[in-house]
Every structure is written in C-alpha cells, then in structure tokens.
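Source file: start-v4.txt (compact mmCIF, C-alpha atoms (C1' of nucleotides))
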```
# COMPACT_ATOMS: atom_id res chain seq x y z
CA MET R 1 29.98 -16.22 59.10
CA ALA R 2 29.37 -12.52 58.95
CA ASP R 3 28.86 -9.69 61.36
CA LEU R 4 25.26 -9.70 62.45
CA ASP R 5 23.00 -7.52 64.49
CA ALA R 6 22.35 -8.90 67.96
CA GLU R 7 20.03 -6.12 69.00
CA ALA R 8 17.35 -7.48 66.69
CA VAL R 9 16.72 -10.33 69.14
CA ASP R 10 15.35 -10.35 72.61
CA ILE R 11 17.96 -12.44 74.33
CA GLU R 12 15.61 -13.49 77.08
CA ILE R 13 13.37 -15.25 74.67
CA ILE R 14 16.00 -17.81 73.91
CA ALA R 15 18.16 -17.68 76.95
CA HIS R 16 16.75 -19.72 79.79
CA GLY R 17 15.62 -23.08 80.99
CA PRO R 18 14.70 -26.10 78.92
CA ASN R 19 13.46 -23.84 76.16
CA ILE R 20 10.66 -22.53 78.34
CA ARG R 21 10.87 -19.18 76.63
CA SER R 22 10.92 -20.46 73.11
CA LYS R 23 7.95 -20.28 70.84
CA PRO R 24 5.78 -23.39 70.84
CA GLU R 25 6.89 -24.39 67.37
CA THR R 26 10.50 -24.28 68.41
CA ARG R 27 9.83 -26.22 71.56
CA LEU R 28 7.97 -28.89 69.65
CA TRP R 29 10.75 -29.06 67.12
CA LEU R 30 13.44 -29.50 69.75
CA ARG R 31 11.43 -32.22 71.36
CA LEU R 32 10.83 -34.02 68.09
CA LEU R 33 14.50 -33.80 67.32
CA SER R 34 15.69 -35.07 70.67
CA THR R 35 13.12 -37.84 70.80
CA THR R 36 14.03 -39.05 67.35
CA LYS R 37 17.70 -38.90 68.12
CA LEU R 38 17.18 -40.80 71.34
CA ILE R 39 15.27 -43.63 69.73
CA SER R 40 17.52 -43.68 66.66
CA THR R 41 20.55 -44.14 68.82
CA GLU R 42 18.98 -47.04 70.62
CA ILE R 43 17.75 -48.73 67.44
CA ARG R 44 21.11 -48.24 65.82
CA LYS R 45 22.84 -49.74 68.81
CA ARG R 46 20.63 -52.81 68.72
CA LEU R 47 20.83 -53.23 64.95
CA ARG R 48 24.56 -53.10 65.20
CA ALA R 49 24.80 -55.48 68.11
CA GLU R 50 22.36 -58.08 66.86
CA PHE R 51 22.66 -57.87 63.10
CA GLY R 52 25.85 -55.96 62.33
CA ALA R 53 23.76 -53.55 60.28
CA THR R 54 23.37 -49.79 60.27
CA LEU R 55 20.15 -47.80 60.31
CA PRO R 56 20.48 -46.52 56.74
CA GLN R 57 21.11 -50.05 55.57
CA PHE R 58 17.97 -51.17 57.34
CA ASP R 59 15.94 -48.37 55.78
CA LEU R 60 17.21 -49.15 52.36
CA MET R 61 16.50 -52.84 52.67
CA ALA R 62 13.02 -52.07 53.94
CA GLN R 63 12.24 -50.28 50.71
CA LEU R 64 13.61 -53.10 48.61
CA PHE R 65 11.77 -55.68 50.66
CA ARG R 66 8.42 -54.41 49.55
CA GLU R 67 9.39 -54.00 45.94
CA LYS R 68 10.38 -57.44 44.86
CA GLU R 69 11.19 -56.25 41.36
CA GLY R 70 13.73 -53.85 42.81
CA LEU R 71 14.05 -50.08 42.68
CA ARG R 72 16.16 -47.63 40.78
CA LEU R 73 18.74 -45.89 42.85
CA GLY R 74 17.13 -42.50 42.37
CA GLU R 75 13.83 -43.88 43.59
CA LEU R 76 15.60 -45.38 46.59
CA SER R 77 17.10 -41.99 47.26
CA LYS R 78 13.70 -40.32 47.33
CA ARG R 79 12.07 -42.95 49.47
CA THR R 80 14.80 -43.15 52.04
CA MET R 81 15.52 -39.41 51.95
CA VAL R 82 19.15 -40.24 51.49
CA THR R 83 21.10 -38.24 48.95
CA ASN R 84 22.04 -39.81 45.66
CA GLY R 85 25.72 -39.87 46.34
CA ASN R 86 25.09 -41.73 49.51
CA ILE R 87 22.89 -44.37 47.97
CA THR R 88 25.79 -45.40 45.80
CA GLY R 89 28.05 -46.29 48.69
CA LEU R 90 25.23 -47.78 50.72
CA VAL R 91 24.25 -50.17 47.96
CA GLU R 92 27.89 -50.98 47.28
CA ARG R 93 28.43 -52.12 50.84
CA LEU R 94 25.23 -54.14 50.90
CA GLU R 95 26.20 -55.74 47.64
CA ALA R 96 29.58 -56.64 49.08
CA ASP R 97 27.74 -58.33 51.93
CA GLY R 98 25.65 -60.31 49.47
CA LEU R 99 22.37 -58.80 50.65
CA VAL R 100 21.60 -56.70 47.60
CA LEU R 101 22.39 -56.98 43.94
CA ARG R 102 22.60 -54.34 41.25
CA GLU R 103 21.61 -54.72 37.66
CA THR R 104 21.16 -52.46 34.68
CA PRO R 105 17.92 -52.98 32.80
CA THR R 106 18.31 -53.67 29.09
CA GLY R 107 16.25 -50.66 28.06
CA ASP R 108 18.12 -47.83 29.74
CA ARG R 109 21.77 -48.07 30.59
CA ARG R 110 21.74 -44.97 32.76
CA VAL R 111 19.70 -46.83 35.29
CA THR R 112 20.79 -49.14 38.04
CA VAL R 113 18.17 -51.23 39.78
CA ALA R 114 18.87 -52.63 43.20
CA LYS R 115 17.04 -55.61 44.66
CA LEU R 116 17.38 -57.84 47.64
CA THR R 117 19.04 -61.19 47.23
CA PRO R 118 17.19 -64.15 48.80
CA GLU R 119 19.73 -63.95 51.59
CA GLY R 120 19.03 -60.24 51.92
CA ALA R 121 15.30 -60.84 52.20
CA LYS R 122 15.87 -63.45 54.87
CA VAL R 123 18.11 -61.18 56.89
CA PHE R 124 15.77 -58.23 56.52
CA ALA R 125 12.74 -60.20 57.61
CA ALA R 126 14.51 -61.08 60.82
CA MET R 127 15.62 -57.50 61.35
CA ALA R 128 12.14 -56.16 60.72
CA ALA R 129 10.62 -58.53 63.24
CA ALA R 130 13.12 -57.47 65.87
CA HIS R 131 12.64 -53.84 64.93
CA GLU R 132 8.91 -54.01 65.63
CA ILE R 133 9.49 -55.61 68.96
CA TRP R 134 12.04 -52.99 69.94
CA LEU R 135 9.64 -50.20 69.14
CA ARG R 136 6.80 -51.74 71.07
CA ASP R 137 9.21 -52.06 73.91
CA LEU R 138 10.47 -48.49 73.69
CA MET R 139 6.95 -47.09 73.48
CA GLY R 140 5.60 -49.57 75.96
CA ASP R 141 4.55 -46.99 78.56
CA VAL R 142 2.40 -45.05 76.14
CA ASP R 143 -1.35 -45.47 75.75
CA PRO R 144 -1.95 -47.33 72.46
CA GLN R 145 -4.63 -44.82 71.50
CA LEU R 146 -2.15 -42.02 71.87
CA ILE R 147 0.24 -43.83 69.55
CA THR R 148 -2.39 -43.97 66.86
CA SER R 149 -3.54 -40.41 67.26
CA LEU R 150 0.02 -39.15 67.31
CA TRP R 151 0.58 -40.84 64.00
CA SER R 152 -2.05 -38.73 62.30
CA GLN R 153 -1.21 -35.57 64.19
CA VAL R 154 2.45 -35.77 63.35
CA GLY R 155 1.18 -36.28 59.84
CA GLU R 156 -0.29 -32.79 60.00
CA ILE R 157 3.08 -31.38 60.94
CA LYS R 158 4.66 -33.24 58.10
CA ALA R 159 2.07 -32.03 55.62
CA SER R 160 2.51 -28.45 56.70
CA ALA R 161 6.28 -28.65 56.46
CA THR R 162 6.01 -30.20 53.03
CA ASN R 163 3.79 -27.33 51.98
CA HIS R 164 6.21 -24.68 53.06
CA MET R 165 9.44 -25.77 51.54
CA THR R 166 11.26 -25.04 48.37
CA GLY R 167 11.62 -28.66 47.26
CA THR R 168 9.23 -31.60 47.75
CA ALA R 169 9.07 -35.01 49.42
CA GLU R 170 6.65 -37.82 50.22
CA ASP R 171 5.89 -40.57 52.69
CA MET D 1 25.56 -60.62 58.69
CA ALA D 2 24.60 -64.17 59.41
CA ASP D 3 22.18 -66.71 58.07
CA LEU D 4 18.81 -66.08 59.62
CA ASP D 5 15.45 -67.77 59.73
CA ALA D 6 12.90 -66.09 57.51
CA GLU D 7 10.08 -68.41 58.47
CA ALA D 8 9.92 -66.74 61.84
CA VAL D 9 8.30 -63.69 60.24
CA ASP D 10 4.98 -63.18 58.57
CA ILE D 11 6.12 -61.51 55.42
CA GLU D 12 2.74 -59.92 54.80
CA ILE D 13 2.97 -57.92 57.95
CA ILE D 14 5.85 -55.93 56.59
CA ALA D 15 5.38 -56.24 52.89
CA HIS D 16 2.82 -53.79 51.56
CA GLY D 17 1.79 -50.23 51.14
CA PRO D 18 3.00 -47.21 53.06
CA ASN D 19 3.47 -49.37 56.14
CA ILE D 20 -0.26 -50.01 56.37
CA ARG D 21 0.43 -53.44 57.79
CA SER D 22 2.97 -52.38 60.35
CA LYS D 23 2.22 -52.18 64.00
CA PRO D 24 1.15 -48.74 65.23
CA GLU D 25 4.42 -48.18 67.04
CA THR D 26 6.39 -48.84 63.91
CA ARG D 27 4.15 -46.61 61.84
CA LEU D 28 4.49 -43.79 64.32
CA TRP D 29 8.23 -44.27 64.43
CA LEU D 30 8.59 -44.13 60.67
CA ARG D 31 6.51 -41.00 60.58
CA LEU D 32 8.49 -39.33 63.33
CA LEU D 33 11.66 -40.23 61.54
CA SER D 34 10.59 -38.98 58.15
CA THR D 35 9.06 -35.80 59.53
CA THR D 36 12.17 -34.98 61.48
CA LYS D 37 14.38 -35.71 58.52
CA LEU D 38 12.23 -33.55 56.29
CA ILE D 39 12.36 -30.54 58.57
CA SER D 40 16.03 -31.08 59.42
CA THR D 41 16.95 -31.02 55.79
CA GLU D 42 15.12 -27.77 55.26
CA ILE D 43 16.57 -26.11 58.35
CA ARG D 44 20.04 -27.27 57.42
CA LYS D 45 19.60 -25.87 53.94
CA ARG D 46 18.55 -22.48 55.25
CA LEU D 47 21.24 -22.35 57.94
CA ARG D 48 23.82 -23.06 55.33
CA ALA D 49 22.48 -20.60 52.80
CA GLU D 50 21.92 -17.70 55.17
CA PHE D 51 24.57 -18.20 57.82
CA GLY D 52 27.12 -20.64 56.46
CA ALA D 53 26.54 -22.79 59.52
CA THR D 54 25.67 -26.43 60.04
CA LEU D 55 22.95 -27.89 62.22
CA PRO D 56 25.33 -29.44 64.79
CA GLN D 57 27.11 -26.12 65.06
CA PHE D 58 23.81 -24.37 65.66
CA ASP D 59 22.85 -26.91 68.32
CA LEU D 60 26.13 -26.52 70.08
CA MET D 61 25.98 -22.75 70.04
CA ALA D 62 22.43 -22.86 71.34
CA GLN D 63 23.63 -24.65 74.44
CA LEU D 64 26.45 -22.19 74.99
CA PHE D 65 24.16 -19.25 74.42
CA ARG D 66 22.12 -20.01 77.48
CA GLU D 67 25.10 -20.74 79.68
CA LYS D 68 27.06 -17.55 79.65
CA GLU D 69 29.72 -19.05 81.90
CA GLY D 70 30.33 -21.76 79.33
CA LEU D 71 30.03 -25.53 79.48
CA ARG D 72 32.47 -28.36 79.82
CA LEU D 73 32.84 -30.41 76.71
CA GLY D 74 31.41 -33.49 78.35
CA GLU D 75 28.33 -31.54 79.36
CA LEU D 76 28.00 -30.25 75.82
CA SER D 77 28.22 -33.80 74.60
CA LYS D 78 25.32 -34.89 76.78
CA ARG D 79 23.13 -31.94 75.95
CA THR D 80 23.62 -32.11 72.23
CA MET D 81 23.63 -35.91 72.15
CA VAL D 82 26.84 -35.75 70.19
CA THR D 83 29.64 -38.12 71.13
CA ASN D 84 32.68 -36.80 72.96
CA GLY D 85 35.08 -37.35 70.13
CA ASN D 86 32.87 -35.37 67.88
CA ILE D 87 32.52 -32.41 70.20
CA THR D 88 36.25 -31.90 70.01
CA GLY D 89 36.27 -31.28 66.28
CA LEU D 90 33.05 -29.30 66.37
CA VAL D 91 34.42 -26.89 68.93
CA GLU D 92 37.73 -26.69 67.10
CA ARG D 93 36.05 -25.53 63.92
CA LEU D 94 33.89 -23.00 65.76
CA GLU D 95 36.96 -21.72 67.54
CA ALA D 96 38.74 -21.32 64.22
CA ASP D 97 35.79 -19.22 63.06
CA GLY D 98 36.11 -17.05 66.16
CA LEU D 99 32.64 -17.94 67.44
CA VAL D 100 33.68 -20.01 70.41
CA LEU D 101 36.65 -20.05 72.72
CA ARG D 102 38.11 -22.78 74.88
CA GLU D 103 39.69 -22.37 78.27
CA THR D 104 40.85 -24.60 81.09
CA PRO D 105 39.62 -23.56 84.53
CA THR D 106 42.27 -23.08 87.17
CA GLY D 107 40.82 -25.66 89.50
CA ASP D 108 40.80 -28.74 87.28
CA ARG D 109 43.14 -29.12 84.38
CA ARG D 110 41.33 -32.12 82.95
CA VAL D 111 38.49 -29.90 81.98
CA THR D 112 37.95 -27.73 78.95
CA VAL D 113 35.18 -25.18 79.05
CA ALA D 114 33.76 -23.77 75.85
CA LYS D 115 31.92 -20.48 75.68
CA LEU D 116 30.65 -18.19 72.99
CA THR D 117 32.70 -15.18 72.02
CA PRO D 118 30.79 -11.87 71.79
CA GLU D 119 30.88 -12.38 68.06
CA GLY D 120 29.53 -15.90 68.51
CA ALA D 121 26.68 -14.64 70.67
CA LYS D 122 25.81 -12.04 68.09
CA VAL D 123 25.79 -14.54 65.25
CA PHE D 124 23.82 -17.07 67.24
CA ALA D 125 21.19 -14.55 68.26
CA ALA D 126 20.54 -13.82 64.62
CA MET D 127 20.43 -17.50 63.73
CA ALA D 128 18.05 -18.26 66.58
CA ALA D 129 15.68 -15.53 65.50
CA ALA D 130 15.63 -16.83 61.96
CA HIS D 131 15.27 -20.38 63.22
CA GLU D 132 12.11 -19.53 65.12
CA ILE D 133 10.63 -17.85 62.12
CA TRP D 134 11.43 -20.78 59.89
CA LEU D 135 9.71 -23.17 62.26
CA ARG D 136 6.60 -21.05 62.55
CA ASP D 137 6.59 -20.96 58.81
CA LEU D 138 7.05 -24.69 58.38
CA MET D 139 4.35 -25.50 60.93
CA GLY D 140 2.14 -22.67 59.78
CA ASP D 141 -0.75 -24.85 58.66
CA VAL D 142 -1.10 -26.53 62.03
CA ASP D 143 -3.52 -25.50 64.74
CA PRO D 144 -1.49 -23.79 67.49
CA GLN D 145 -3.25 -25.85 70.11
CA LEU D 146 -2.15 -29.00 68.40
CA ILE D 147 1.43 -27.80 68.48
CA THR D 148 1.26 -27.38 72.21
CA SER D 149 -0.47 -30.66 72.89
CA LEU D 150 1.93 -32.49 70.60
CA TRP D 151 4.79 -31.14 72.65
CA SER D 152 3.59 -32.88 75.77
CA GLN D 153 2.44 -36.01 73.99
CA VAL D 154 5.73 -36.49 72.22
CA GLY D 155 7.17 -36.01 75.67
CA GLU D 156 5.37 -39.18 76.72
CA ILE D 157 7.02 -41.07 73.92
CA LYS D 158 10.34 -39.70 74.92
CA ALA D 159 9.84 -40.60 78.55
CA SER D 160 8.85 -44.13 77.67
CA ALA D 161 11.83 -44.59 75.39
CA THR D 162 14.15 -43.25 78.05
CA ASN D 163 12.69 -45.75 80.48
CA HIS D 164 13.32 -48.71 78.25
CA MET D 165 16.87 -48.31 77.22
CA THR D 166 20.12 -49.64 78.48
CA GLY D 167 21.85 -46.26 78.86
CA THR D 168 20.30 -42.95 79.90
CA ALA D 169 19.66 -39.44 78.56
CA GLU D 170 17.81 -36.26 79.42
CA ASP D 171 16.07 -33.23 78.02
C1' DG Y 1 51.84 -38.89 100.24
C1' DC Y 2 51.56 -43.36 96.96
C1' DG Y 3 49.18 -46.04 93.88
C1' DA Y 4 44.90 -47.33 91.88
C1' DA Y 5 40.53 -46.12 90.32
C1' DA Y 6 37.81 -42.59 88.31
C1' DC Y 7 37.30 -38.73 85.30
C1' DC Y 8 37.73 -35.64 81.11
C1' DT Y 9 39.29 -34.91 76.67
C1' DT Y 10 41.65 -36.12 72.60
C1' DT Y 11 43.07 -39.17 69.06
C1' DG Y 12 42.55 -42.65 65.51
C1' DA Y 13 40.28 -45.71 62.33
C1' DC Y 14 36.27 -45.83 59.69
C1' DA Y 15 31.44 -45.31 58.14
C1' DT Y 16 28.08 -41.97 56.92
C1' DT Y 17 26.42 -37.51 55.48
C1' DT Y 18 25.69 -33.51 52.41
C1' DG Y 19 26.23 -30.56 48.34
C1' DA Y 20 28.23 -29.78 44.23
C1' DA Y 21 30.64 -31.12 40.27
C1' DA Y 22 31.65 -34.69 36.97
C1' DT Y 23 30.10 -38.74 33.99
C1' DA Y 24 27.26 -41.28 31.34
C1' DT Y 25 23.10 -42.13 28.82
C1' DC Y 26 18.73 -41.17 26.64
C1' DG Y 27 15.28 -38.87 23.78
C1' DG Y 28 14.09 -35.89 20.51
C1' DT Y 29 15.48 -32.19 16.89
C1' DT Y 30 17.40 -30.96 13.09
C1' DA J 1 24.09 -38.59 12.60
C1' DA J 2 25.75 -34.85 15.52
C1' DC J 3 23.75 -31.98 19.15
C1' DC J 4 21.02 -30.36 23.23
C1' DG J 5 18.54 -30.67 27.24
C1' DA J 6 16.95 -33.79 30.57
C1' DT J 7 17.98 -37.91 33.55
C1' DA J 8 20.62 -41.09 36.36
C1' DT J 9 24.46 -42.27 38.78
C1' DT J 10 29.06 -41.59 40.53
C1' DT J 11 32.80 -39.08 42.42
C1' DC J 12 34.80 -35.72 45.50
C1' DA J 13 35.89 -32.69 49.53
C1' DA J 14 34.59 -31.44 53.90
C1' DA J 15 31.88 -32.23 58.02
C1' DT J 16 29.78 -35.29 61.12
C1' DG J 17 29.06 -39.71 63.29
C1' DT J 18 30.43 -43.97 66.12
C1' DC J 19 33.46 -46.67 68.95
C1' DA J 20 37.49 -47.86 71.27
C1' DA J 21 41.89 -46.77 73.03
C1' DA J 22 45.23 -43.46 74.72
C1' DG J 23 46.47 -39.14 77.30
C1' DG J 24 46.66 -36.40 81.25
C1' DT J 25 44.58 -35.13 85.99
C1' DT J 26 42.30 -35.62 90.02
C1' DT J 27 40.66 -38.05 94.06
C1' DC J 28 40.41 -41.41 97.33
C1' DG J 29 41.88 -45.23 100.34
C1' DC J 30 45.39 -46.51 102.86
```
Write-out of the structure in structure tokens:
Amino acid sequence: MADLDAEAVDIEIIAHGPNIRSKPETRLWLRLLSTTKLISTEIRKRLRAEFGATLPQFDLMAQLFREKEGLRLGELSKRTMVTNGNITGLVERLEADGLVLRETPTGDRRVTVAKLTPEGAKVFAAMAAAHEIWLRDLMGDVDPQLITSLWSQVGEIKASATNHMTGTAED
Amino acid sequence: MADLDAEAVDIEIIAHGPNIRSKPETRLWLRLLSTTKLISTEIRKRLRAEFGATLPQFDLMAQLFREKEGLRLGELSKRTMVTNGNITGLVERLEADGLVLRETPTGDRRVTVAKLTPEGAKVFAAMAAAHEIWLRDLMGDVDPQLITSLWSQVGEIKASATNHMTGTAED
DNA sequence: GCGAAACCTTTGACATTTGAAATATCGGTT
DNA sequence: AACCGATATTTCAAATGTCAAAGGTTTCGC
C-alpha cells in the first residue's frame, strides 16, 4: 500500500450517511452487494441445517444436474464462476460424499469429467425444491411483476459489466 | 447427506436451459448472484492490482472512513456483514499495514475501537475515488434512470428478505 | 458489594476462496 | 520421434469465511 494523494478526493462525497452522497452507480452496487450477501447467508444457513451442504456445492450440483453426461472441470469452473483450483477440492469433497463421481474420458487424459451419482441427483432434486421454496418465501413481499422485470433489468447491468471488463463470462 | 426422496420433485422444472423452467424468484436470484459475483471479481482484481488491497479490507475501511471517531469491532462486524472472528484478523492485518489502529476506550475495557490512521484515510480516499469510477465504467451502458430505479427496487427485495429470516440485519 | 447473567472480543478448528505456479497431456511441426 | 505451444487440472500460500467455545469485563439484582 503506497502513499497516495488524499486531496484528489472530495471527502464529503463519500463521508456521510447510508451512502447518500455516493454516485448512483456506487449506491446501486452497495445495495446489490448487501442484498446478495443477506440472502446468501440465509440460504447457506438453511442448506447447512437441512442438507449439510454448502452453497458452492449446491451450485456445482445444479450444473451437473442439467448435464446428465457430466461436465469437464474447466467447464464447471466457468459456469459456477469458481476458480479452477477450487473446483478440484469441491469435487473431491462431493465425491467423498458419494454425490459426484469423476472419470477421465478415453480420448483425452488431461480431462476430468464430473457427473452426479444417482444418489447425488436424488439429493440435489430435494435441495432444489427446497431452494425454490426458500426464495419464494424470502421474496414473498415483492410484487411478482417486479420480480420478473428486475430479472431483465439486472440483466442489463450484467451485460454492461461484461462489456467493460478485461476478461469474459456468461450466464 | 442423507437419503432423500426424488419423486417429490418434478425434474423438468429444474432440468433445462439457462434456468428457463425455474420459478421467477429463483431466476432473479441466480441473476443477482451471478451479476454480483461478476462485478465483485472485477473490482477485486482492480483493487488488488492498483492498491494491493482486498475487497473485505476496502469494505472495512469504508465504514471507518465515515466514522472518524472509529467503530467498535462488533459494530464493524454488523455493518460489513463479516463475522466477529473474522473482523479480528482483518483489523490485525490492516493494523500491521499501518492503515488502521486499535484502541480500548477508558470507559469499557471489553471494547476495542478501530479507526483509520491518517495514512489509512489517505489510501482509502484514493481507493474510493477509483472505485466510483470503476463502477460508472462497468455500468456505463445502462440508462442512468434505470440505475436509480433499480436501487429502490432492489431495496424492496432486500426488505422482503430481511422480513423473512430468522435473524436480522440492516443497511 | 457478590454472584450471575449479559456483553465484547479473541481463539481455534476447518472449509472455502483467490491467484499464481507447477504438472500433465494433447496436437501439430518438423 | 522429440519439441513447442496450447489446454486441463492440481497444488500451494495467504486471506477470508463460518461456527462454537473460551476469555475478560461490565452490569444488574439482591
């Protein structure tokens, strides 16, 4: 951390209140972040309590659930936005639990394909059902039309962000 | 992870496409999550590259920046939504970097108050300025009015979620 | 003022996270 | 058939994350 020039910034802009003085983009960002964190924490808590699973495990299984033939680890990494190194450990733990299995296709030995075991599919189906109910519950006070329109509007944010970054990513 | 009943779930509802079959709440949630993760990753990358800081460190400093008298660690924990145990280490590292200092008020020796050092305030001011620019950049393609209206609409989601959870939290 | 309940922070055991470096394999060139 | 660049996964160190239990302190009821 280096020596930086404070005078370049109008302190007041950032200083007060619940971000009242921040620029709209920053305010929206802080709200997105806190909302997501809030709901994540709750979902994680419930996943843990009712299924002994973590959120990343749920995400990963969700991807495998809709690709019965399985997915390569790199593909899993992209889809879940989890780094490669992390996928390794995640899949290892799920394999140890008997929910996922790993296999190397005959053609290319660099590749590892992960797929759900029948047990894994069963467990995930139950988790997914609960997950949907939890979300309807958590968003229960919100007008259903707003939910739908938010989906596409947040999509605009996402598209813009994707446009303006060094790397890339998808849905 | 126990043996669960798959028949309880209509597989098709979850199975296909980019969540086309999911309920609106679930779709919105997945989009919020992926959008937030996308932007977080980019912000983290830039914070690291330009300031050698992490996102949790930035969050923590942001809270201290607008409370010149400092904040108790428990208060910091609530505001940043970071667990107590984690605040300890976070503040320790920032203190080691000379950006934050800890002191125990005379009145109550249970308490530790963290505040920014002058150096910390200087560094944060520069980070905050850059942060705002990055966000304007990332959301640059979006109609400014939409940004503002999203802020309040996402607020409705947040309020609803807050209403429907076991614990509590604030803005 | 004494003891119990309440409060604030730290500690400890572990799981997860990232980013970068290391490994392993493939495909094509020569 | 050895090599090079591109791919795919794993490993590693450091930071962050949770949860639960332990440590001091304060406050309150009596």
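Interface residues on chain J toward chain D (cut-off 9 Å, all atoms listed in the file): DA15, DT16, DG17, DT18, DG24, DT25 and DT26 of chain J.
The closest residue to DA8 of chain J, picked from R:Asp137, R:Val113, R:Arg44, R:Glu50 and counting all atoms listed in the file, is R:Val113.
Put simply, atom CA of Met61 of chain R is 27.3 Å away from atom CA of Gln153 of chain R.
From atom CA of Trp29 of chain D back to atom CA of Glu132 of chain R, the distance works out to 9.8 Å.
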>> Tell me as a PyMOL selection string which residues belonging to chain Y come within 9 Å of chain R, counting all atoms listed in the file.
In response: chain Y and resi 16-18+24-26
Take the residues from that selection and put them in a file with C-alpha atoms (C1' of nucleotides), as a short mmCIF file (atom, residue, chain, number, x, y, z; two decimals), keeping the file's coordinate frame.
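Result went into result-v1.cif, see below:
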```
data_model
loop_
_atom_site.label_atom_id
_atom_site.label_comp_id
_atom_site.auth_asym_id
_atom_site.auth_seq_id
_atom_site.Cartn_x
_atom_site.Cartn_y
_atom_site.Cartn_z
"C1'" DT Y 16 28.08 -41.97 56.92
"C1'" DT Y 17 26.42 -37.51 55.48
"C1'" DT Y 18 25.69 -33.51 52.41
"C1'" DA Y 24 27.26 -41.28 31.34
"C1'" DT Y 25 23.10 -42.13 28.82
"C1'" DC Y 26 18.73 -41.17 26.64
#
```
Could you give me the centre and size, in Å to one decimal, of an axis-aligned box around all listed atoms of segment 11-15 of chain Y with 5 Å added on every side, as AutoDock Vina command-line options?
```
--center_x 37.3 --center_y -42.5 --center_z 63.6 --size_x 21.6 --size_y 16.7 --size_z 20.9
```
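One finds atom CA of Thr112 of chain R at 6.2 Å from atom CA of Leu73 of chain R.
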> What lies within 12 Å of DT29 of chain Y using only C-alpha atoms (C1' of nucleotides), ignoring chain neighbours under 3 positions off, as JSON, numbers by chain?
Replying inline: {"J": [1, 2, 3, 4, 5]}
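Every protein or nucleic acid residue with an atom no more than 10 Å from DT23 of chain Y, counting all atoms listed in the file and leaving out same-chain residues fewer than 2 positions away, appears here: Y:DA21, Y:DT25, J:DT9, J:DT10, J:DT11.
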> If you count only C-alpha atoms (C1' of nucleotides), which residues fall within 9 Å of Leu55 of chain R, apart from same-chain ones fewer than 5 positions away, as a PyMOL selection string?
Replying inline: chain R and resi 40+43-44+47-48+60
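The nearest approach to Lys37 of chain D among the residues R:Lys23, R:Val142, R:Met81, R:Ala49, with all atoms listed in the file taken into account, belongs to R:Met81.
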> Smallest atom-to-atom distance to chain D: which of R:Pro144, R:Asp59, R:Arg66, R:Leu94, using only C-alpha atoms?
Replying inline: R:Arg66
>> With distances taken over only C-alpha atoms, which residue among R:Ala114, R:Leu71, R:Leu101, R:Leu64 lies nearest chain D?
In response: R:Leu64
Could you name the residues that touch Ala121 of chain R at 9 Å or less, counting only C-alpha atoms (C1' of nucleotides), but leaving out those on the same chain fewer than 5 positions away, as a short mmCIF file (atom, residue, chain, number, x, y, z; two decimals) with C-alpha atoms, keeping the file's coordinate frame?
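What landed in around-v3.cif:
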```
data_model
loop_
_atom_site.label_atom_id
_atom_site.label_comp_id
_atom_site.auth_asym_id
_atom_site.auth_seq_id
_atom_site.Cartn_x
_atom_site.Cartn_y
_atom_site.Cartn_z
CA MET R 61 16.50 -52.84 52.67
CA LEU R 64 13.61 -53.10 48.61
CA PHE R 65 11.77 -55.68 50.66
CA LEU R 99 22.37 -58.80 50.65
CA VAL R 100 21.60 -56.70 47.60
CA LEU R 116 17.38 -57.84 47.64
CA ALA R 126 14.51 -61.08 60.82
CA ALA D 6 12.90 -66.09 57.51
#
```
> Hey, can you pull every residue with an atom no more than 12 Å from (8.5, -40.1, 79.2), using all atoms listed in the file, and send it as a PyMOL selection string?
Replying inline: (chain R and resi 31+35+38+138-143) or (chain D and resi 151-165+169-171)
Any idea what's packed within 12 Å of DC2 of chain Y, counting all atoms listed in the file, ignoring anything in its chain fewer than 3 positions away? Could you give it as a compact mmCIF listing (two decimals) with C-alpha atoms (C1' of nucleotides), in the frame of the given file?
```
# COMPACT_ATOMS: atom_id res chain seq x y z
C1' DC J 28 40.41 -41.41 97.33
C1' DG J 29 41.88 -45.23 100.34
C1' DC J 30 45.39 -46.51 102.86
```
